[in-house]
Each structure stands twice: as structure tokens, then as C-alpha cells.
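Have a look at work-v2.cif below; it lists mmCIF, C-alpha atoms.
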data_input
#
loop_
_atom_site.label_atom_id
_atom_site.label_comp_id
_atom_site.auth_asym_id
_atom_site.auth_seq_id
_atom_site.Cartn_x
_atom_site.Cartn_y
_atom_site.Cartn_z
CA MET G 1 60.65 71.45 59.80
CA ILE G 2 59.36 73.81 62.48
CA THR G 3 61.97 75.92 64.30
CA SER G 4 61.47 76.22 68.04
CA VAL G 5 61.10 79.59 69.72
CA PRO G 6 64.49 79.45 71.55
CA GLU G 7 66.30 78.58 68.31
CA ALA G 8 64.56 81.42 66.47
CA GLY G 9 65.51 83.85 69.24
CA ALA G 10 69.14 82.73 69.16
CA LYS G 11 69.25 83.11 65.41
CA SER G 12 67.77 86.61 65.67
CA ARG G 13 70.41 87.58 68.24
CA ARG G 14 73.19 86.26 66.02
CA VAL G 15 71.85 88.30 63.09
CA ARG G 16 71.69 91.46 65.22
CA ARG G 17 75.21 90.83 66.56
CA ALA G 18 76.54 90.34 63.04
CA GLY G 19 74.82 93.57 61.98
CA VAL G 20 76.36 95.50 64.88
CA LEU G 21 79.82 94.10 64.12
CA GLY G 22 79.39 94.92 60.43
CA ASN G 23 78.35 98.51 61.19
CA THR G 24 81.22 98.90 63.65
CA GLY G 25 83.71 97.68 61.07
CA LEU G 26 82.22 100.00 58.46
CA TYR G 27 82.41 103.04 60.77
CA LEU G 28 85.97 102.11 61.73
CA ALA G 29 87.04 101.85 58.08
CA VAL G 30 85.37 105.16 57.24
CA SER G 31 87.03 106.83 60.24
CA VAL G 32 90.47 105.58 59.22
CA ALA G 33 89.89 106.76 55.64
CA ALA G 34 88.75 110.19 56.90
CA VAL G 35 91.86 110.56 59.06
CA LEU G 36 94.14 109.61 56.18
CA PHE G 37 92.29 112.07 53.95
CA LEU G 38 92.72 114.90 56.49
CA VAL G 39 96.44 114.31 57.15
CA PRO G 40 97.61 116.42 54.16
CA PHE G 41 95.35 119.30 55.25
CA TYR G 42 96.76 119.09 58.78
CA LEU G 43 100.31 119.23 57.39
CA ILE G 44 99.45 122.25 55.25
CA VAL G 45 97.94 124.20 58.16
CA ARG G 46 100.65 123.12 60.61
CA ASN G 47 103.52 124.07 58.32
CA ALA G 48 101.82 127.28 57.18
CA LEU G 49 101.93 128.54 60.77
CA SER G 50 105.53 127.47 61.41
CA THR G 51 109.02 128.68 60.61
CA ASP G 52 111.29 126.94 58.14
CA ALA G 53 113.37 125.61 61.04
CA GLU G 54 110.28 124.08 62.68
CA ILE G 55 109.21 122.50 59.39
CA THR G 56 112.57 120.89 58.62
CA GLY G 57 113.76 120.32 62.21
CA GLU G 58 114.33 116.89 63.72
CA ASN G 59 112.05 117.44 66.73
CA TRP G 60 108.55 117.15 65.33
CA GLN G 61 105.69 118.84 67.17
CA PHE G 62 102.01 118.32 66.47
CA PHE G 63 101.71 122.13 66.38
CA PRO G 64 104.49 124.64 66.98
CA THR G 65 104.61 126.32 70.37
CA HIS G 66 103.98 129.73 68.83
CA LEU G 67 101.72 129.90 65.80
CA ARG G 68 103.19 132.26 63.22
CA TRP G 69 100.12 134.19 62.12
CA GLY G 70 102.48 136.76 60.70
CA ASN G 71 103.14 134.37 57.82
CA ILE G 72 99.84 135.55 56.32
CA SER G 73 100.93 139.18 56.16
CA GLU G 74 104.39 138.11 54.97
CA LEU G 75 102.76 136.23 52.09
CA PHE G 76 100.75 139.22 50.89
CA ASP G 77 103.49 141.79 51.62
CA ASP G 78 106.09 139.91 49.57
CA THR G 79 107.25 142.28 46.84
CA THR G 80 108.70 139.52 44.64
CA VAL G 81 105.33 137.77 44.18
CA ASP G 82 102.01 139.63 44.06
CA PHE G 83 99.99 136.79 45.51
CA ALA G 84 96.77 138.81 45.80
CA ARG G 85 96.98 139.55 42.08
CA SER G 86 97.57 135.85 41.39
CA LEU G 87 94.44 134.96 43.37
CA TRP G 88 92.43 137.45 41.35
CA ASN G 89 93.81 136.12 38.05
CA SER G 90 92.94 132.55 39.00
CA MET G 91 89.44 133.58 40.05
CA VAL G 92 88.80 135.42 36.77
CA VAL G 93 90.18 132.57 34.67
CA ALA G 94 88.33 129.82 36.58
CA VAL G 95 84.97 131.66 36.64
CA LEU G 96 84.99 132.75 32.99
CA MET G 97 86.27 129.38 31.80
CA THR G 98 83.56 127.60 33.80
CA ALA G 99 80.82 129.83 32.40
CA GLY G 100 82.11 129.46 28.83
CA ILE G 101 82.52 125.69 28.96
CA LEU G 102 79.06 125.20 30.49
CA LEU G 103 77.44 127.32 27.78
CA ILE G 104 79.33 125.95 24.78
CA CYS G 105 79.44 122.29 25.82
CA SER G 106 75.83 122.20 26.98
CA LEU G 107 74.66 123.69 23.67
CA ALA G 108 76.82 121.23 21.73
CA GLY G 109 75.61 118.30 23.84
CA TYR G 110 71.98 119.35 23.48
CA GLY G 111 72.31 119.74 19.73
CA LEU G 112 73.92 116.30 19.37
CA ALA G 113 71.26 114.70 21.56
CA ARG G 114 68.10 116.40 20.29
CA ILE G 115 68.45 118.15 16.94
CA PRO G 116 67.97 115.69 14.04
CA TYR G 117 70.91 115.91 11.69
CA ARG G 118 72.21 113.14 9.47
CA HIS G 119 75.86 113.86 10.35
CA ALA G 120 75.23 114.14 14.11
CA ASN G 121 76.89 110.80 14.87
CA LYS G 122 79.92 111.71 12.79
CA VAL G 123 80.28 114.98 14.66
CA PHE G 124 79.90 113.14 17.95
CA TYR G 125 82.60 110.65 17.01
CA ALA G 126 84.86 113.52 15.99
CA VAL G 127 84.35 115.06 19.42
CA LEU G 128 85.20 111.74 21.05
CA ALA G 129 88.31 111.50 18.90
CA THR G 130 89.65 114.69 20.48
CA LEU G 131 89.78 112.84 23.81
CA MET G 132 92.35 110.46 22.34
CA VAL G 133 94.74 113.24 21.32
CA PRO G 134 97.40 113.89 24.00
CA THR G 135 97.53 117.44 25.29
CA ALA G 136 101.24 117.63 24.48
CA VAL G 137 100.45 117.22 20.78
CA THR G 138 98.29 120.36 20.63
CA PHE G 139 100.29 122.40 23.13
CA VAL G 140 102.84 123.91 20.73
CA PRO G 141 100.34 124.71 17.93
CA SER G 142 98.03 126.31 20.47
CA PHE G 143 100.84 128.47 21.83
CA VAL G 144 101.92 129.53 18.34
CA LEU G 145 98.34 130.51 17.51
CA VAL G 146 97.85 132.43 20.77
CA SER G 147 101.20 134.16 20.34
CA SER G 148 100.41 135.19 16.76
CA LEU G 149 97.15 136.74 17.97
CA GLY G 150 99.01 138.74 20.62
CA TRP G 151 97.24 137.07 23.52
CA VAL G 152 100.33 136.28 25.60
CA ASP G 153 100.09 137.75 29.12
CA SER G 154 96.35 138.31 28.73
CA TYR G 155 93.11 136.78 29.98
CA ARG G 156 92.18 135.94 26.40
CA GLY G 157 95.22 133.73 26.03
CA LEU G 158 94.54 132.03 29.37
CA ILE G 159 90.80 131.45 28.86
CA ILE G 160 89.76 131.17 25.21
CA PRO G 161 91.88 128.11 24.20
CA GLY G 162 90.24 126.11 26.98
CA LEU G 163 86.61 127.03 26.32
CA PHE G 164 85.71 123.65 24.87
CA SER G 165 86.02 120.24 26.47
CA GLY G 166 85.24 117.09 24.53
CA PHE G 167 84.66 115.14 27.73
CA THR G 168 82.23 117.73 29.12
CA CYS G 169 80.38 117.78 25.79
CA PHE G 170 80.14 114.00 25.93
CA LEU G 171 78.70 114.11 29.46
CA PHE G 172 76.12 116.73 28.49
CA ARG G 173 75.03 114.69 25.48
CA GLN G 174 74.61 111.58 27.60
CA TYR G 175 72.63 113.53 30.15
CA PHE G 176 70.33 115.15 27.59
CA LEU G 177 69.64 111.76 25.99
CA GLY G 178 68.01 110.76 29.25
CA PHE G 179 66.16 114.04 29.78
CA PRO G 180 62.34 113.58 29.60
CA LYS G 181 61.23 114.39 26.07
CA GLU G 182 57.68 115.07 27.26
CA LEU G 183 58.77 118.37 28.79
CA GLU G 184 60.33 119.52 25.53
CA GLU G 185 57.33 118.40 23.51
CA ALA G 186 55.08 120.46 25.79
CA ALA G 187 57.36 123.45 25.21
CA ARG G 188 57.11 123.03 21.45
CA VAL G 189 53.31 122.91 21.70
CA ASP G 190 53.58 126.33 23.33
CA GLY G 191 55.53 127.58 20.33
CA LEU G 192 59.11 127.28 21.58
CA GLY G 193 61.90 126.14 19.27
CA TYR G 194 65.04 124.24 20.17
CA TRP G 195 66.66 127.29 21.76
CA GLY G 196 63.55 128.17 23.75
CA ALA G 197 63.11 124.60 24.95
CA TYR G 198 66.78 124.43 25.94
CA TRP G 199 66.86 127.75 27.77
CA ARG G 200 63.41 127.75 29.40
CA VAL G 201 62.79 124.06 30.05
CA VAL G 202 65.96 121.99 29.93
CA VAL G 203 68.35 124.28 31.80
CA PRO G 204 66.03 125.10 34.75
CA ASN G 205 65.34 121.38 35.22
CA SER G 206 69.02 120.39 34.96
CA LEU G 207 70.58 122.65 37.58
CA ASN G 208 71.94 119.68 39.56
CA PHE G 209 73.93 118.46 36.58
CA PHE G 210 75.07 121.97 35.65
CA ALA G 211 76.26 122.53 39.22
CA ALA G 212 78.23 119.28 39.13
CA MET G 213 79.89 120.20 35.85
CA ALA G 214 80.55 123.73 37.13
CA THR G 215 82.29 122.39 40.23
CA ILE G 216 84.53 120.04 38.26
CA THR G 217 85.34 122.68 35.63
CA PHE G 218 86.08 125.37 38.23
CA ILE G 219 88.47 123.07 40.10
CA ASN G 220 90.26 122.13 36.87
CA GLY G 221 90.56 125.77 35.85
CA TRP G 222 91.83 126.82 39.26
CA ASN G 223 94.43 124.03 39.38
CA SER G 224 95.68 124.53 35.83
CA PHE G 225 99.45 125.07 35.80
CA LEU G 226 101.29 124.30 32.54
CA TRP G 227 99.27 126.51 30.16
CA PRO G 228 99.21 129.55 32.52
CA LEU G 229 102.95 129.05 33.10
CA VAL G 230 103.66 129.40 29.38
CA ILE G 231 101.12 132.13 28.58
CA GLY G 232 101.54 134.19 31.76
CA GLN G 233 105.15 135.22 31.24
CA ASP G 234 104.79 138.51 33.10
CA PRO G 235 104.36 138.24 36.91
CA SER G 236 101.23 140.42 36.71
CA SER G 237 99.47 137.66 34.73
CA TRP G 238 100.52 134.76 36.97
CA THR G 239 97.83 132.52 38.38
CA VAL G 240 97.95 130.93 41.84
CA GLN G 241 99.64 127.73 40.70
CA VAL G 242 102.40 129.65 38.90
CA ALA G 243 102.89 131.92 41.91
CA LEU G 244 103.24 128.85 44.15
CA SER G 245 106.06 127.50 42.00
CA SER G 246 107.98 130.76 42.35
CA TYR G 247 108.65 130.11 46.05
CA MET G 248 110.86 127.17 45.10
CA THR G 249 114.00 128.13 43.19
CA ASN G 250 117.45 126.64 42.60
CA GLN G 251 118.88 128.76 45.42
CA THR G 252 116.20 128.82 48.13
CA VAL G 253 112.98 127.16 49.20
CA ASN G 254 110.61 129.21 51.33
CA TYR G 255 108.77 126.36 53.01
CA HIS G 256 106.51 128.43 55.25
CA LEU G 257 105.43 130.66 52.35
CA ILE G 258 104.77 127.66 50.13
CA PHE G 259 102.49 126.08 52.73
CA MET G 260 100.77 129.35 53.61
CA ALA G 261 100.14 130.11 49.92
CA THR G 262 98.83 126.57 49.48
CA ALA G 263 96.45 126.96 52.42
CA VAL G 264 95.13 130.26 51.06
CA SER G 265 94.74 128.90 47.53
CA ILE G 266 92.76 125.90 48.78
CA LEU G 267 90.12 128.03 50.53
CA PRO G 268 88.16 129.00 47.37
CA LEU G 269 88.00 125.35 46.30
CA LEU G 270 86.74 124.30 49.72
CA LEU G 271 84.05 126.98 49.65
CA VAL G 272 82.93 125.96 46.16
CA PHE G 273 82.87 122.29 47.10
CA LEU G 274 81.02 122.83 50.40
CA PHE G 275 78.42 125.02 48.69
CA LEU G 276 77.83 122.71 45.73
CA GLN G 277 78.54 119.27 47.21
CA ARG G 278 74.87 118.24 47.33
CA TRP G 279 74.36 119.09 43.67
CA LEU G 280 77.74 117.57 42.80
CA VAL G 281 76.77 114.13 44.10
CA GLN G 282 73.36 114.24 42.41
CA GLY G 283 74.81 115.49 39.12
CA ILE G 284 77.54 112.85 38.97
CA ALA G 285 74.93 110.17 39.61
CA GLN G 286 72.92 111.46 36.65
CA THR G 287 75.83 111.13 34.20
CA GLY G 288 75.00 107.42 33.91
CA ILE G 289 71.55 108.04 32.45
CA LYS G 290 71.18 106.46 29.04
CA GLY G 291 68.77 107.29 26.28
#

Will you turn the file into C-alpha cells for me?
Amino acid sequence: MITSVPEAGAKSRRVRRAGVLGNTGLYLAVSVAAVLFLVPFYLIVRNALSTDAEITGENWQFFPTHLRWGNISELFDDTTVDFARSLWNSMVVAVLMTAGILLICSLAGYGLARIPYRHANKVFYAVLATLMVPTAVTFVPSFVLVSSLGWVDSYRGLIIPGLFSGFTCFLFRQYFLGFPKELEEAARVDGLGYWGAYWRVVVPNSLNFFAAMATITFINGWNSFLWPLVIGQDPSSWTVQVALSSYMTNQTVNYHLIFMATAVSILPLLLVFLFLQRWLVQGIAQTGIKG
């Protein structure tokens, strides 16, 4: 059956109209999702620049008439909480923990994926088994061990117990299983061993994945609360999350300081995410590679 020219033109117009409507609906849905995503950030900024009365008052304003920029200096001048010190502690813990986890877990994942060893699968299954153990089960033994070593109120107690992640090791192993073996074979022809191939060939060609894992690990380290709360008993060893909780007590709640501290503590995460977002998307996509 031969379709006439007018019918073909009408069909083409209907297809284009359906495409335009579909794109419009897609953009509308994305716009609504973006607005809903940004609402919490708006509330944080709005309340951070307000007084407690403006935050809890009945008459809601999109932004207060007078923005209280002095809340920033009040936050850092507060003698009860050294928030600048807490920021520094969180930065040290998050950076060192990220570097340690990337090194240890990438080496473990590479060894499980590439080095022939008859018990490699058993070791891998043992690593996977750690993912099934609730954190609450190991919390008390970990604290007893750290306390017996004298690491309470120290960076060692905050960082070292979290330097291995079974899930990160699993992701590195899966990634290295899909890494091109030809590159490593060429490195071995040049006289490199497993360490040389890992450090000179695999790592430089896996920066996207390393950046993705670094972003996720840094965010987890920065947002950690329960372990720093128990280990950091002295205010000088508090991290950001512990310092935030100190503004809410049984007697008072300093709303404007809570929101201002939250806004300040989010900035490093936003900078890390904005700087590494391209590599984050690419690295997450590569976690599905199978050998």
C-alpha cells in the first residue's frame, strides 16, 4: 500500500508534535525535581541569615528583611564551640581517610583481580561477608581496642579504624576485572612486576574511577557522626557533625547557629562535588564493568 504525500506529511507533523510534547514534559519534570532538590538548600541559607524569632515566627518571609551576616562571625566567635577547629578536624579526617582507603582498597582489589592465588576467591568471599555484619556489632569491640591503644581524642582513633571498606574493595576488584589486560602485559614485557604495572599503568589509566571513589569516600568521612562522637570526647577533637549537634541541647536550641554551621559545613562538599562531578559520573558508570 502506497501512502500519499499529504498523509505522509500529516504523519510527520504528528511525530514532531509528539516529540515536542515529550520533550516539554521531560523538561517540566526535571525542572520540578530540581526545585524540590534545591528547597532544602534555600531553607538552610534563608534560616542561616535570620534570627531565631524569624525562623520560628508565624509570619513566613521568603527572605528576612535584614540579612544577618553577623551570624557568620557569631558562629566562629562562639567560645563554647570552636567551629573552626571542628572544620579542620573534619578536613584532616576526611582527606587522610580518603587517601588511605583508596590506597588499601585499590591494592586489595587489584590483588584479588589479577594476582593468581588459589585462595583468592575465599579471601574475596570473606571480604564480602564483612558487608553483612552490622556496624553496631563491631562498634563496641572497636572502641575497646582503640581505647586500649590510647587513641581516644586523637586523629589515629578517628581515622585508622575506618581505613578499610569491604564495599570499596569489591568495587575496585570489579573494575580491575574489566581493565584491559593488554596494557598490563605490555608493562610486564618491559620488565614491570605487579606493583609496577599497578602504579605505572593501571592507576594513571583509572583516574576517573579513583576520582569517583575519592568523592564518595570523602563525603562519607566528612558526614561521619557516631564514631567521632564516641572517640572525640574532648571538644578540641570534635568534627563538624559533632559540633553541629552541640547547638541543640535539652535547655536551648540555637536555630540560626545550627543553620549557619550547616551552610558552612556543606561548602567543602559542594566544592569537591563540583570539581569532581565529571569524573564521578564516569567512574560510577564504570563500576558495572564485568570481567

Please report as CSV every residue of range 238-263 of chain G lying within 9 Å of range 48-71 of chain G, along with the nearest atom pair and their distance in Å (one decimal), using all atoms listed in the file.
residue,atom,partner,partner_atom,distance
G:Asn254,CA,G:Asp52,CA,7.2
G:Tyr255,CA,G:Asp52,CA,5.7
G:His256,CA,G:Ala48,CA,5.2
G:Leu257,CA,G:Ala48,CA,6.9
G:Ile258,CA,G:Ala48,CA,7.7
G:Phe259,CA,G:Ala48,CA,4.7
G:Met260,CA,G:Ala48,CA,4.3
G:Ala261,CA,G:Ala48,CA,8.0
G:Thr262,CA,G:Ala48,CA,8.3
G:Ala263,CA,G:Ala48,CA,7.2

With C-alpha atoms retained, write the just-selected residues as a JSON list (two decimals), keeping the file's coordinate frame.
[["chain", "number", "residue", "atom", "x", "y", "z"],
["G", 254, "ASN", "CA", 110.61, 129.21, 51.33],
["G", 255, "TYR", "CA", 108.77, 126.36, 53.01],
["G", 256, "HIS", "CA", 106.51, 128.43, 55.25],
["G", 257, "LEU", "CA", 105.43, 130.66, 52.35],
["G", 258, "ILE", "CA", 104.77, 127.66, 50.13],
["G", 259, "PHE", "CA", 102.49, 126.08, 52.73],
["G", 260, "MET", "CA", 100.77, 129.35, 53.61],
["G", 261, "ALA", "CA", 100.14, 130.11, 49.92],
["G", 262, "THR", "CA", 98.83, 126.57, 49.48],
["G", 263, "ALA", "CA", 96.45, 126.96, 52.42]]

For this session: Go through G:Ser265, G:Thr24, G:Ser206, G:Ser237 one by one, measure the shortest atom-to-atom distance of each to Arg156 in chain G using only C-alpha atoms, and give the residue with the smallest value.
Result: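 For Arg156 in chain G, the nearest of the candidates is G:Ser237.
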
Exercise. What is the distance, in Å and to one decimal place, between CA of Leu229 in chain G and CA of Tyr42 in chain G?
Worked result: 28.2 Å

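With all atoms listed in the file taken into account, the protein and nucleic acid residues at most 12 Å from Glu184 in chain G (excluding it and anything under 3 positions from it in its own chain) are G:Tyr110, G:Arg114, G:Ile115, G:Phe176, G:Phe179, G:Pro180, G:Lys181, G:Ala187, G:Arg188, G:Val189, G:Asp190, G:Gly191, G:Leu192, G:Gly193, G:Tyr194, G:Trp195, G:Gly196, G:Ala197, G:Tyr198, G:Trp199, G:Arg200, G:Val201, G:Val202, G:Val203, G:Asn205.
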
Problem set entry | Interatomic distance (Å, one decimal) between CA of Gly157 in chain G and CA of Ile231 in chain G |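 CA of Ile231 in chain G lies at a distance of 6.6 Å from CA of Gly157 in chain G.
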
Exercise. Can you tell me, as number ranges by chain, what residues are no more than 9 Å from Ala211 in chain G when counting only C-alpha atoms, ignoring any on the same chain fewer than 4 positions away?
Worked result: G: 206-207, 215-216, 276-277, 279-280, 283

Atoms kept (C-alpha atoms) for selection, written as a compact mmCIF listing (two decimals), in the frame of the given file:
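Okay, this is what ended up in result-v7.txt:
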# COMPACT_ATOMS: atom_id res chain seq x y z
CA SER G 206 69.02 120.39 34.96
CA LEU G 207 70.58 122.65 37.58
CA THR G 215 82.29 122.39 40.23
CA ILE G 216 84.53 120.04 38.26
CA LEU G 276 77.83 122.71 45.73
CA GLN G 277 78.54 119.27 47.21
CA TRP G 279 74.36 119.09 43.67
CA LEU G 280 77.74 117.57 42.80
CA GLY G 283 74.81 115.49 39.12

For this session: Tell me which residues the PyMOL selection byres ((chain G and resi 78-84) around 9) grabs here, as a ChimeraX atom specification.
Result: /G:73-77,85-89,235-236,238-240,243-244,246-247,261

Seminar exercise, completed: Correct to one decimal, the distance CA of Pro228 in chain G-CA of Tyr125 in chain G is 29.6 Å

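Proximity to Asn208 in chain G was assessed for G:Arg278, G:Gln233, G:Met91, G:Ala113 counting all atoms listed in the file; the smallest distance is recorded for G:Arg278.
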
Take every atom of range 232-250 of chain G listed in the file, pad by 3 Å on each side, and give me the axis-aligned box centre and edge lengths in Å, one decimal, as JSON.
{"center_x": 107.6, "center_y": 133.5, "center_z": 38.6, "size_x": 25.6, "size_y": 19.8, "size_z": 20.8}

Problem set entry | Close residues, Leu163 in chain G itself excluded, 12 Å, only C-alpha atoms, min 2 positions apart in chain, as a ChimeraX atom specification | /G:93-106,156-161,165-166,168-169,217,221

For this session: I need the residue set behind the PyMOL selection byres ((chain G and resi 127) around 9) for this file; please write it as a PyMOL selection string.
Result: chain G and resi 122-126+128-131+165-167+169-170

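The residue that comes closest to Gln241 in chain G, out of G:Gln174, G:Asn47, G:Ser147, G:Ser224 and on the basis of all atoms listed in the file, is G:Ser224.
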
Subset file: range 170-239 of chain G, C-alpha atoms, as a JSON list (two decimals), in the first residue's frame:
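What ended up in out-v6.json:
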[["chain", "number", "residue", "atom", "x", "y", "z"],
["G", 170, "PHE", "CA", 34.59, -5.02, 45.99],
["G", 171, "LEU", "CA", 34.10, -2.12, 43.57],
["G", 172, "PHE", "CA", 37.83, -1.91, 42.83],
["G", 173, "ARG", "CA", 38.00, -5.65, 42.16],
["G", 174, "GLN", "CA", 35.08, -5.47, 39.76],
["G", 175, "TYR", "CA", 36.65, -2.53, 37.99],
["G", 176, "PHE", "CA", 40.07, -4.15, 37.65],
["G", 177, "LEU", "CA", 38.47, -7.33, 36.26],
["G", 178, "GLY", "CA", 37.35, -5.24, 33.31],
["G", 179, "PHE", "CA", 40.62, -3.33, 32.92],
["G", 180, "PRO", "CA", 42.38, -4.16, 29.60],
["G", 181, "LYS", "CA", 44.92, -6.90, 30.27],
["G", 182, "GLU", "CA", 46.88, -5.95, 27.14],
["G", 183, "LEU", "CA", 48.22, -2.84, 28.87],
["G", 184, "GLU", "CA", 49.49, -4.85, 31.82],
["G", 185, "GLU", "CA", 51.01, -7.49, 29.57],
["G", 186, "ALA", "CA", 52.90, -4.77, 27.71],
["G", 187, "ALA", "CA", 54.16, -3.47, 31.06],
["G", 188, "ARG", "CA", 55.40, -6.92, 32.02],
["G", 189, "VAL", "CA", 57.24, -7.22, 28.71],
["G", 190, "ASP", "CA", 59.07, -4.05, 29.75],
["G", 191, "GLY", "CA", 60.12, -5.75, 32.98],
["G", 192, "LEU", "CA", 57.50, -4.43, 35.41],
["G", 193, "GLY", "CA", 56.03, -6.65, 38.11],
["G", 194, "TYR", "CA", 52.58, -6.48, 39.63],
["G", 195, "TRP", "CA", 53.41, -3.39, 41.67],
["G", 196, "GLY", "CA", 54.99, -1.60, 38.71],
["G", 197, "ALA", "CA", 52.06, -2.45, 36.45],
["G", 198, "TYR", "CA", 49.60, -1.26, 39.10],
["G", 199, "TRP", "CA", 51.38, 2.00, 39.87],
["G", 200, "ARG", "CA", 52.61, 2.99, 36.39],
["G", 201, "VAL", "CA", 49.90, 1.60, 34.12],
["G", 202, "VAL", "CA", 46.69, 0.81, 35.97],
["G", 203, "VAL", "CA", 46.44, 3.85, 38.24],
["G", 204, "PRO", "CA", 47.18, 6.51, 35.58],
["G", 205, "ASN", "CA", 44.56, 4.94, 33.30],
["G", 206, "SER", "CA", 41.95, 4.64, 36.07],
["G", 207, "LEU", "CA", 41.83, 8.21, 37.37],
["G", 208, "ASN", "CA", 38.11, 8.54, 36.58],
["G", 209, "PHE", "CA", 37.25, 5.62, 38.81],
["G", 210, "PHE", "CA", 39.65, 6.73, 41.54],
["G", 211, "ALA", "CA", 38.09, 10.20, 41.48],
["G", 212, "ALA", "CA", 34.61, 8.71, 41.83],
["G", 213, "MET", "CA", 35.67, 6.57, 44.78],
["G", 214, "ALA", "CA", 37.50, 9.53, 46.32],
["G", 215, "THR", "CA", 34.38, 11.69, 46.12],
["G", 216, "ILE", "CA", 32.15, 9.08, 47.73],
["G", 217, "THR", "CA", 34.71, 8.27, 50.44],
["G", 218, "PHE", "CA", 35.36, 11.94, 51.24],
["G", 219, "ILE", "CA", 31.65, 12.65, 51.62],
["G", 220, "ASN", "CA", 31.20, 9.62, 53.90],
["G", 221, "GLY", "CA", 34.19, 10.63, 56.01],
["G", 222, "TRP", "CA", 33.01, 14.23, 56.28],
["G", 223, "ASN", "CA", 29.47, 13.21, 57.27],
["G", 224, "SER", "CA", 30.52, 10.58, 59.80],
["G", 225, "PHE", "CA", 28.92, 11.27, 63.19],
["G", 226, "LEU", "CA", 28.60, 8.31, 65.58],
["G", 227, "TRP", "CA", 32.24, 7.17, 65.65],
["G", 228, "PRO", "CA", 33.68, 10.72, 66.00],
["G", 229, "LEU", "CA", 31.09, 11.39, 68.73],
["G", 230, "VAL", "CA", 32.39, 8.47, 70.80],
["G", 231, "ILE", "CA", 36.11, 8.89, 70.08],
["G", 232, "GLY", "CA", 36.23, 12.69, 70.14],
["G", 233, "GLN", "CA", 35.29, 13.19, 73.77],
["G", 234, "ASP", "CA", 37.26, 16.41, 74.16],
["G", 235, "PRO", "CA", 35.85, 19.48, 72.32],
["G", 236, "SER", "CA", 39.24, 20.05, 70.67],
["G", 237, "SER", "CA", 38.85, 16.76, 68.77],
["G", 238, "TRP", "CA", 35.25, 17.31, 67.65],
["G", 239, "THR", "CA", 34.45, 17.07, 63.97]]
